[in-house]
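File shown: upload35.pdb (PDB, C-alpha atoms).
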MODEL        1
ATOM      1  CA  MET G   1      -2.203 -15.421 -12.017  1.00  0.00           C
ATOM      2  CA  LEU G   2      -3.881 -16.569  -8.829  1.00  0.00           C
ATOM      3  CA  SER G   3      -6.765 -18.967  -9.297  1.00  0.00           C
ATOM      4  CA  LYS G   4     -10.228 -17.559  -8.638  1.00  0.00           C
ATOM      5  CA  PRO G   5     -10.669 -19.195  -5.198  1.00  0.00           C
ATOM      6  CA  MET G   6      -7.383 -17.588  -4.095  1.00  0.00           C
ATOM      7  CA  ARG G   7      -8.443 -14.014  -4.945  1.00  0.00           C
ATOM      8  CA  VAL G   8     -10.274 -11.371  -2.966  1.00  0.00           C
ATOM      9  CA  THR G   9     -12.596 -10.003  -5.637  1.00  0.00           C
ATOM     10  CA  ARG G  10     -15.761  -8.502  -4.178  1.00  0.00           C
ATOM     11  CA  PRO G  11     -15.793  -4.918  -2.888  1.00  0.00           C
ATOM     12  CA  ALA G  12     -17.381  -6.082   0.374  1.00  0.00           C
ATOM     13  CA  GLU G  13     -14.454  -8.443   0.968  1.00  0.00           C
ATOM     14  CA  PHE G  14     -11.903  -5.695   0.293  1.00  0.00           C
ATOM     15  CA  THR G  15     -13.781  -3.391   2.674  1.00  0.00           C
ATOM     16  CA  ALA G  16     -13.903  -6.028   5.407  1.00  0.00           C
ATOM     17  CA  VAL G  17     -10.188  -6.736   5.183  1.00  0.00           C
ATOM     18  CA  LEU G  18      -9.191  -3.062   4.978  1.00  0.00           C
ATOM     19  CA  ARG G  19     -11.423  -1.985   7.873  1.00  0.00           C
ATOM     20  CA  THR G  20     -11.072  -4.853  10.317  1.00  0.00           C
ATOM     21  CA  GLY G  21      -7.794  -6.524   9.358  1.00  0.00           C
ATOM     22  CA  ARG G  22      -4.460  -5.863  10.999  1.00  0.00           C
ATOM     23  CA  ARG G  23      -2.455  -3.283   9.064  1.00  0.00           C
ATOM     24  CA  VAL G  24       1.308  -3.244   8.773  1.00  0.00           C
ATOM     25  CA  GLY G  25       3.127  -0.761   6.585  1.00  0.00           C
ATOM     26  CA  THR G  26       6.571  -0.795   5.042  1.00  0.00           C
ATOM     27  CA  LYS G  27       8.297   1.563   2.666  1.00  0.00           C
ATOM     28  CA  LEU G  28       6.860  -0.212  -0.380  1.00  0.00           C
ATOM     29  CA  VAL G  29       3.537  -1.740   0.693  1.00  0.00           C
ATOM     30  CA  ALA G  30       0.801  -1.787   3.306  1.00  0.00           C
ATOM     31  CA  LEU G  31      -0.442  -5.256   4.158  1.00  0.00           C
ATOM     32  CA  HIS G  32      -3.897  -5.815   5.657  1.00  0.00           C
ATOM     33  CA  LEU G  33      -4.367  -9.271   7.188  1.00  0.00           C
ATOM     34  CA  LEU G  34      -7.703 -10.678   8.310  1.00  0.00           C
ATOM     35  CA  THR G  35      -7.533 -14.095   9.918  1.00  0.00           C
ATOM     36  CA  PRO G  36     -10.701 -16.005  10.744  1.00  0.00           C
ATOM     37  CA  PRO G  37     -11.664 -16.526  14.382  1.00  0.00           C
ATOM     38  CA  MET G  38     -10.920 -19.998  15.697  1.00  0.00           C
ATOM     39  CA  GLY G  39     -12.990 -22.517  13.764  1.00  0.00           C
ATOM     40  CA  THR G  40     -14.539 -20.070  11.288  1.00  0.00           C
ATOM     41  CA  SER G  41     -13.560 -18.354   8.065  1.00  0.00           C
ATOM     42  CA  LEU G  42     -14.646 -15.314   6.098  1.00  0.00           C
ATOM     43  CA  SER G  43     -16.543 -17.096   3.357  1.00  0.00           C
ATOM     44  CA  ASP G  44     -15.717 -20.773   3.184  1.00  0.00           C
ATOM     45  CA  GLU G  45     -14.122 -22.841   5.919  1.00  0.00           C
ATOM     46  CA  THR G  46     -12.472 -25.174   3.436  1.00  0.00           C
ATOM     47  CA  GLY G  47     -11.402 -22.432   1.030  1.00  0.00           C
ATOM     48  CA  PRO G  48      -7.774 -21.456   0.662  1.00  0.00           C
ATOM     49  CA  ALA G  49      -6.180 -18.259   1.893  1.00  0.00           C
ATOM     50  CA  ARG G  50      -6.975 -15.393  -0.478  1.00  0.00           C
ATOM     51  CA  ALA G  51      -5.213 -12.235  -1.629  1.00  0.00           C
ATOM     52  CA  GLY G  52      -6.215  -8.965  -3.248  1.00  0.00           C
ATOM     53  CA  PHE G  53      -4.144  -6.059  -4.533  1.00  0.00           C
ATOM     54  CA  VAL G  54      -4.662  -2.308  -4.615  1.00  0.00           C
ATOM     55  CA  VAL G  55      -2.286  -0.411  -6.900  1.00  0.00           C
ATOM     56  CA  SER G  56      -3.459   3.164  -7.403  1.00  0.00           C
ATOM     57  CA  ALA G  57      -2.679   5.624 -10.167  1.00  0.00           C
ATOM     58  CA  ALA G  58      -0.155   7.270  -7.829  1.00  0.00           C
ATOM     59  CA  VAL G  59       2.139   4.294  -8.496  1.00  0.00           C
ATOM     60  CA  GLY G  60       2.321   5.033 -12.211  1.00  0.00           C
ATOM     61  CA  ASN G  61       0.566   4.554 -15.519  1.00  0.00           C
ATOM     62  CA  SER G  62      -1.293   1.337 -16.321  1.00  0.00           C
ATOM     63  CA  VAL G  63       1.802  -0.466 -17.583  1.00  0.00           C
ATOM     64  CA  VAL G  64       3.678   0.253 -14.354  1.00  0.00           C
ATOM     65  CA  ARG G  65       0.675  -0.606 -12.166  1.00  0.00           C
ATOM     66  CA  HIS G  66       0.174  -3.958 -13.877  1.00  0.00           C
ATOM     67  CA  ARG G  67       3.893  -4.760 -13.599  1.00  0.00           C
ATOM     68  CA  VAL G  68       3.802  -4.019  -9.864  1.00  0.00           C
ATOM     69  CA  THR G  69       0.674  -6.159  -9.472  1.00  0.00           C
ATOM     70  CA  ARG G  70       2.290  -9.094 -11.321  1.00  0.00           C
ATOM     71  CA  ARG G  71       5.399  -8.871  -9.146  1.00  0.00           C
ATOM     72  CA  LEU G  72       3.352  -8.691  -5.954  1.00  0.00           C
ATOM     73  CA  ARG G  73       1.170 -11.600  -7.044  1.00  0.00           C
ATOM     74  CA  GLU G  74       4.200 -13.821  -7.637  1.00  0.00           C
ATOM     75  CA  GLN G  75       5.632 -12.900  -4.233  1.00  0.00           C
ATOM     76  CA  VAL G  76       2.325 -13.527  -2.414  1.00  0.00           C
ATOM     77  CA  ARG G  77       1.542 -16.897  -4.039  1.00  0.00           C
ATOM     78  CA  PRO G  78       3.965 -18.983  -1.906  1.00  0.00           C
ATOM     79  CA  LEU G  79       3.001 -17.072   1.246  1.00  0.00           C
ATOM     80  CA  LEU G  80      -0.679 -17.964   0.803  1.00  0.00           C
ATOM     81  CA  ALA G  81       0.099 -21.676   0.916  1.00  0.00           C
ATOM     82  CA  ALA G  82       1.392 -21.312   4.491  1.00  0.00           C
ATOM     83  CA  MET G  83      -1.667 -19.416   5.763  1.00  0.00           C
ATOM     84  CA  PRO G  84      -4.720 -20.995   7.402  1.00  0.00           C
ATOM     85  CA  ALA G  85      -7.886 -21.515   5.366  1.00  0.00           C
ATOM     86  CA  GLY G  86     -10.161 -18.502   5.290  1.00  0.00           C
ATOM     87  CA  THR G  87      -7.377 -15.947   5.734  1.00  0.00           C
ATOM     88  CA  ALA G  88      -7.622 -12.841   3.557  1.00  0.00           C
ATOM     89  CA  VAL G  89      -4.769 -10.498   2.666  1.00  0.00           C
ATOM     90  CA  VAL G  90      -4.974  -7.181   0.831  1.00  0.00           C
ATOM     91  CA  VAL G  91      -1.718  -5.609  -0.334  1.00  0.00           C
ATOM     92  CA  ARG G  92      -1.669  -1.898  -1.142  1.00  0.00           C
ATOM     93  CA  ALA G  93       1.321  -0.723  -3.170  1.00  0.00           C
ATOM     94  CA  PHE G  94       2.928   2.640  -2.488  1.00  0.00           C
ATOM     95  CA  PRO G  95       4.562   4.730  -5.258  1.00  0.00           C
ATOM     96  CA  PRO G  96       8.159   3.608  -4.432  1.00  0.00           C
ATOM     97  CA  SER G  97       7.129   0.040  -5.292  1.00  0.00           C
ATOM     98  CA  ALA G  98       7.240   0.977  -8.995  1.00  0.00           C
ATOM     99  CA  ALA G  99      11.028   1.276  -8.864  1.00  0.00           C
ATOM    100  CA  ALA G 100      11.586  -1.672  -6.536  1.00  0.00           C
ATOM    101  CA  SER G 101      12.835  -5.059  -7.661  1.00  0.00           C
ATOM    102  CA  SER G 102      10.874  -8.247  -7.127  1.00  0.00           C
ATOM    103  CA  GLU G 103      13.315  -9.228  -4.378  1.00  0.00           C
ATOM    104  CA  GLN G 104      12.719  -5.962  -2.522  1.00  0.00           C
ATOM    105  CA  LEU G 105       8.943  -6.364  -2.839  1.00  0.00           C
ATOM    106  CA  GLY G 106       9.176  -9.934  -1.572  1.00  0.00           C
ATOM    107  CA  ARG G 107      11.335  -8.910   1.374  1.00  0.00           C
ATOM    108  CA  ASP G 108       8.895  -6.141   2.349  1.00  0.00           C
ATOM    109  CA  LEU G 109       5.897  -8.476   1.992  1.00  0.00           C
ATOM    110  CA  ARG G 110       7.453 -11.184   4.172  1.00  0.00           C
ATOM    111  CA  SER G 111       8.462  -8.616   6.769  1.00  0.00           C
ATOM    112  CA  ALA G 112       4.982  -7.080   6.863  1.00  0.00           C
ATOM    113  CA  LEU G 113       3.309 -10.483   7.037  1.00  0.00           C
ATOM    114  CA  ASN G 114       5.506 -11.616   9.911  1.00  0.00           C
ATOM    115  CA  ARG G 115       4.771  -8.412  11.839  1.00  0.00           C
ATOM    116  CA  ALA G 116       1.016  -8.654  11.134  1.00  0.00           C
ATOM    117  CA  ARG G 117       0.836 -12.215  12.425  1.00  0.00           C
ATOM    118  CA  TRP G 118       2.162 -11.165  15.830  1.00  0.00           C
ATOM    119  CA  ARG G 119      -0.116  -8.169  16.377  1.00  0.00           C
TER     120      ARG G 119
ENDMDL
END
Could I get this structure in the form of structure tokens?
Amino acid sequence: MLSKPMRVTRPAEFTAVLRTGRRVGTKLVALHLLTPPMGTSLSDETGPARAGFVVSAAVGNSVVRHRVTRRLREQVRPLLAAMPAGTAVVVRAFPPSAAASSEQLGRDLRSALNRARWR
């Protein structure tokens, strides 16, 4: 589990990241990345990078959705440590992510993050 300061939790934060962040899609996930402008951050300049997850009912029943969320969370945790303070990431899982392994999810996340950083 990600600690509370490392999570995007409020609906307004999700909306901000989804609407104004850079979006990169892969076969398994869509990653929305919102980096703070130089010298500022979204909520707290000293706060860590944060992540949120959106796994809809289209992915599967609650057991499957929670499994996908746990796998994504474990893959995102080390990536957050390398991001600047104030960065927010929202990961949306697509239905094929239910059948994907943790390695495949991690590969797609790293690929999407690398592409989002350069846009």
message = With the PyMOL selection byres ((chain G and resi 8) around 10) as the selection, what would be picked from this file? Answer as a PyMOL selection string, please.
response = chain G and resi 4-7+9-14+17+49-53+88-90
Would you save the residues of that selection, restricted to C-alpha atoms, as a PDB file, keeping the file's coordinate frame?
ATOM      1  CA  LYS G   4     -10.228 -17.559  -8.638  1.00  0.00           C
ATOM      2  CA  PRO G   5     -10.669 -19.195  -5.198  1.00  0.00           C
ATOM      3  CA  MET G   6      -7.383 -17.588  -4.095  1.00  0.00           C
ATOM      4  CA  ARG G   7      -8.443 -14.014  -4.945  1.00  0.00           C
ATOM      5  CA  THR G   9     -12.596 -10.003  -5.637  1.00  0.00           C
ATOM      6  CA  ARG G  10     -15.761  -8.502  -4.178  1.00  0.00           C
ATOM      7  CA  PRO G  11     -15.793  -4.918  -2.888  1.00  0.00           C
ATOM      8  CA  ALA G  12     -17.381  -6.082   0.374  1.00  0.00           C
ATOM      9  CA  GLU G  13     -14.454  -8.443   0.968  1.00  0.00           C
ATOM     10  CA  PHE G  14     -11.903  -5.695   0.293  1.00  0.00           C
ATOM     11  CA  VAL G  17     -10.188  -6.736   5.183  1.00  0.00           C
ATOM     12  CA  ALA G  49      -6.180 -18.259   1.893  1.00  0.00           C
ATOM     13  CA  ARG G  50      -6.975 -15.393  -0.478  1.00  0.00           C
ATOM     14  CA  ALA G  51      -5.213 -12.235  -1.629  1.00  0.00           C
ATOM     15  CA  GLY G  52      -6.215  -8.965  -3.248  1.00  0.00           C
ATOM     16  CA  PHE G  53      -4.144  -6.059  -4.533  1.00  0.00           C
ATOM     17  CA  ALA G  88      -7.622 -12.841   3.557  1.00  0.00           C
ATOM     18  CA  VAL G  89      -4.769 -10.498   2.666  1.00  0.00           C
ATOM     19  CA  VAL G  90      -4.974  -7.181   0.831  1.00  0.00           C
TER      20      VAL G  90
END
Let me know the residues the PyMOL selection byres ((chain G and resi 64) around 12) catches in the file above, as a compact mmCIF listing (two decimals) with C-alpha atoms, in the frame of the given file.
# COMPACT_ATOMS: atom_id res chain seq x y z
CA VAL G 55 -2.29 -0.41 -6.90
CA SER G 56 -3.46 3.16 -7.40
CA ALA G 57 -2.68 5.62 -10.17
CA ALA G 58 -0.16 7.27 -7.83
CA VAL G 59 2.14 4.29 -8.50
CA GLY G 60 2.32 5.03 -12.21
CA ASN G 61 0.57 4.55 -15.52
CA SER G 62 -1.29 1.34 -16.32
CA VAL G 63 1.80 -0.47 -17.58
CA ARG G 65 0.68 -0.61 -12.17
CA HIS G 66 0.17 -3.96 -13.88
CA ARG G 67 3.89 -4.76 -13.60
CA VAL G 68 3.80 -4.02 -9.86
CA THR G 69 0.67 -6.16 -9.47
CA ARG G 70 2.29 -9.09 -11.32
CA ARG G 71 5.40 -8.87 -9.15
CA ALA G 93 1.32 -0.72 -3.17
CA PRO G 95 4.56 4.73 -5.26
CA PRO G 96 8.16 3.61 -4.43
CA SER G 97 7.13 0.04 -5.29
CA ALA G 98 7.24 0.98 -8.99
CA ALA G 99 11.03 1.28 -8.86
CA ALA G 100 11.59 -1.67 -6.54
For this session: Would you mind listing what lies within 12 Å of Glu103 (chain G) as an NGL selection string, with all atoms listed in the file counted and same-chain residues fewer than 3 positions away left out?
Result: :G and (28 or 71-72 or 74-76 or 97 or 99-100 or 106-110)
The PyMOL selection byres ((chain G and resi 29) around 7) - which residues does that actually catch in the file I just gave you? List them as a ChimeraX atom specification. /G:25-28,30-31,91-94
Of G:Met1, G:Val54, G:Leu105, G:Leu113, the one nearest to Ala82 (chain G) when counting all atoms listed in the file is G:Leu113
ask   = So which one's closest to Arg23 (chain G), G:Trp118, G:Ser3, G:Ser101, G:Pro37? Using all atoms listed in the file, please.
value =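 Using all atoms listed in the file, Arg23 (chain G) sits closest to G:Trp118.
With distances restricted to only C-alpha atoms, G:Leu80 is the closest residue to Leu2 (chain G) from G:Ala85, G:Leu80, G:Val24, G:Ala116.
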Practice prompt. Go through G:Asn114, G:Thr87, G:Thr20, G:Ser102 and flag the residue nearest Gly47 (chain G), using all atoms listed in the file for the distances.
Written response: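 Result for the nearest residue to Gly47 (chain G): G:Thr87.
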* Asked: To one decimal place, how far is CA of Gly86 (chain G) from CA of Ser111 (chain G) in Å?
  ->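 So the answer is 21.1 Å.
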**Study point:** Separation of CA of Thr35 (chain G) from CA of Leu79 (chain G) in Å
**Key:**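 Interatomic distance, CA of Leu79 (chain G) to CA of Thr35 (chain G): 14.0 Å.
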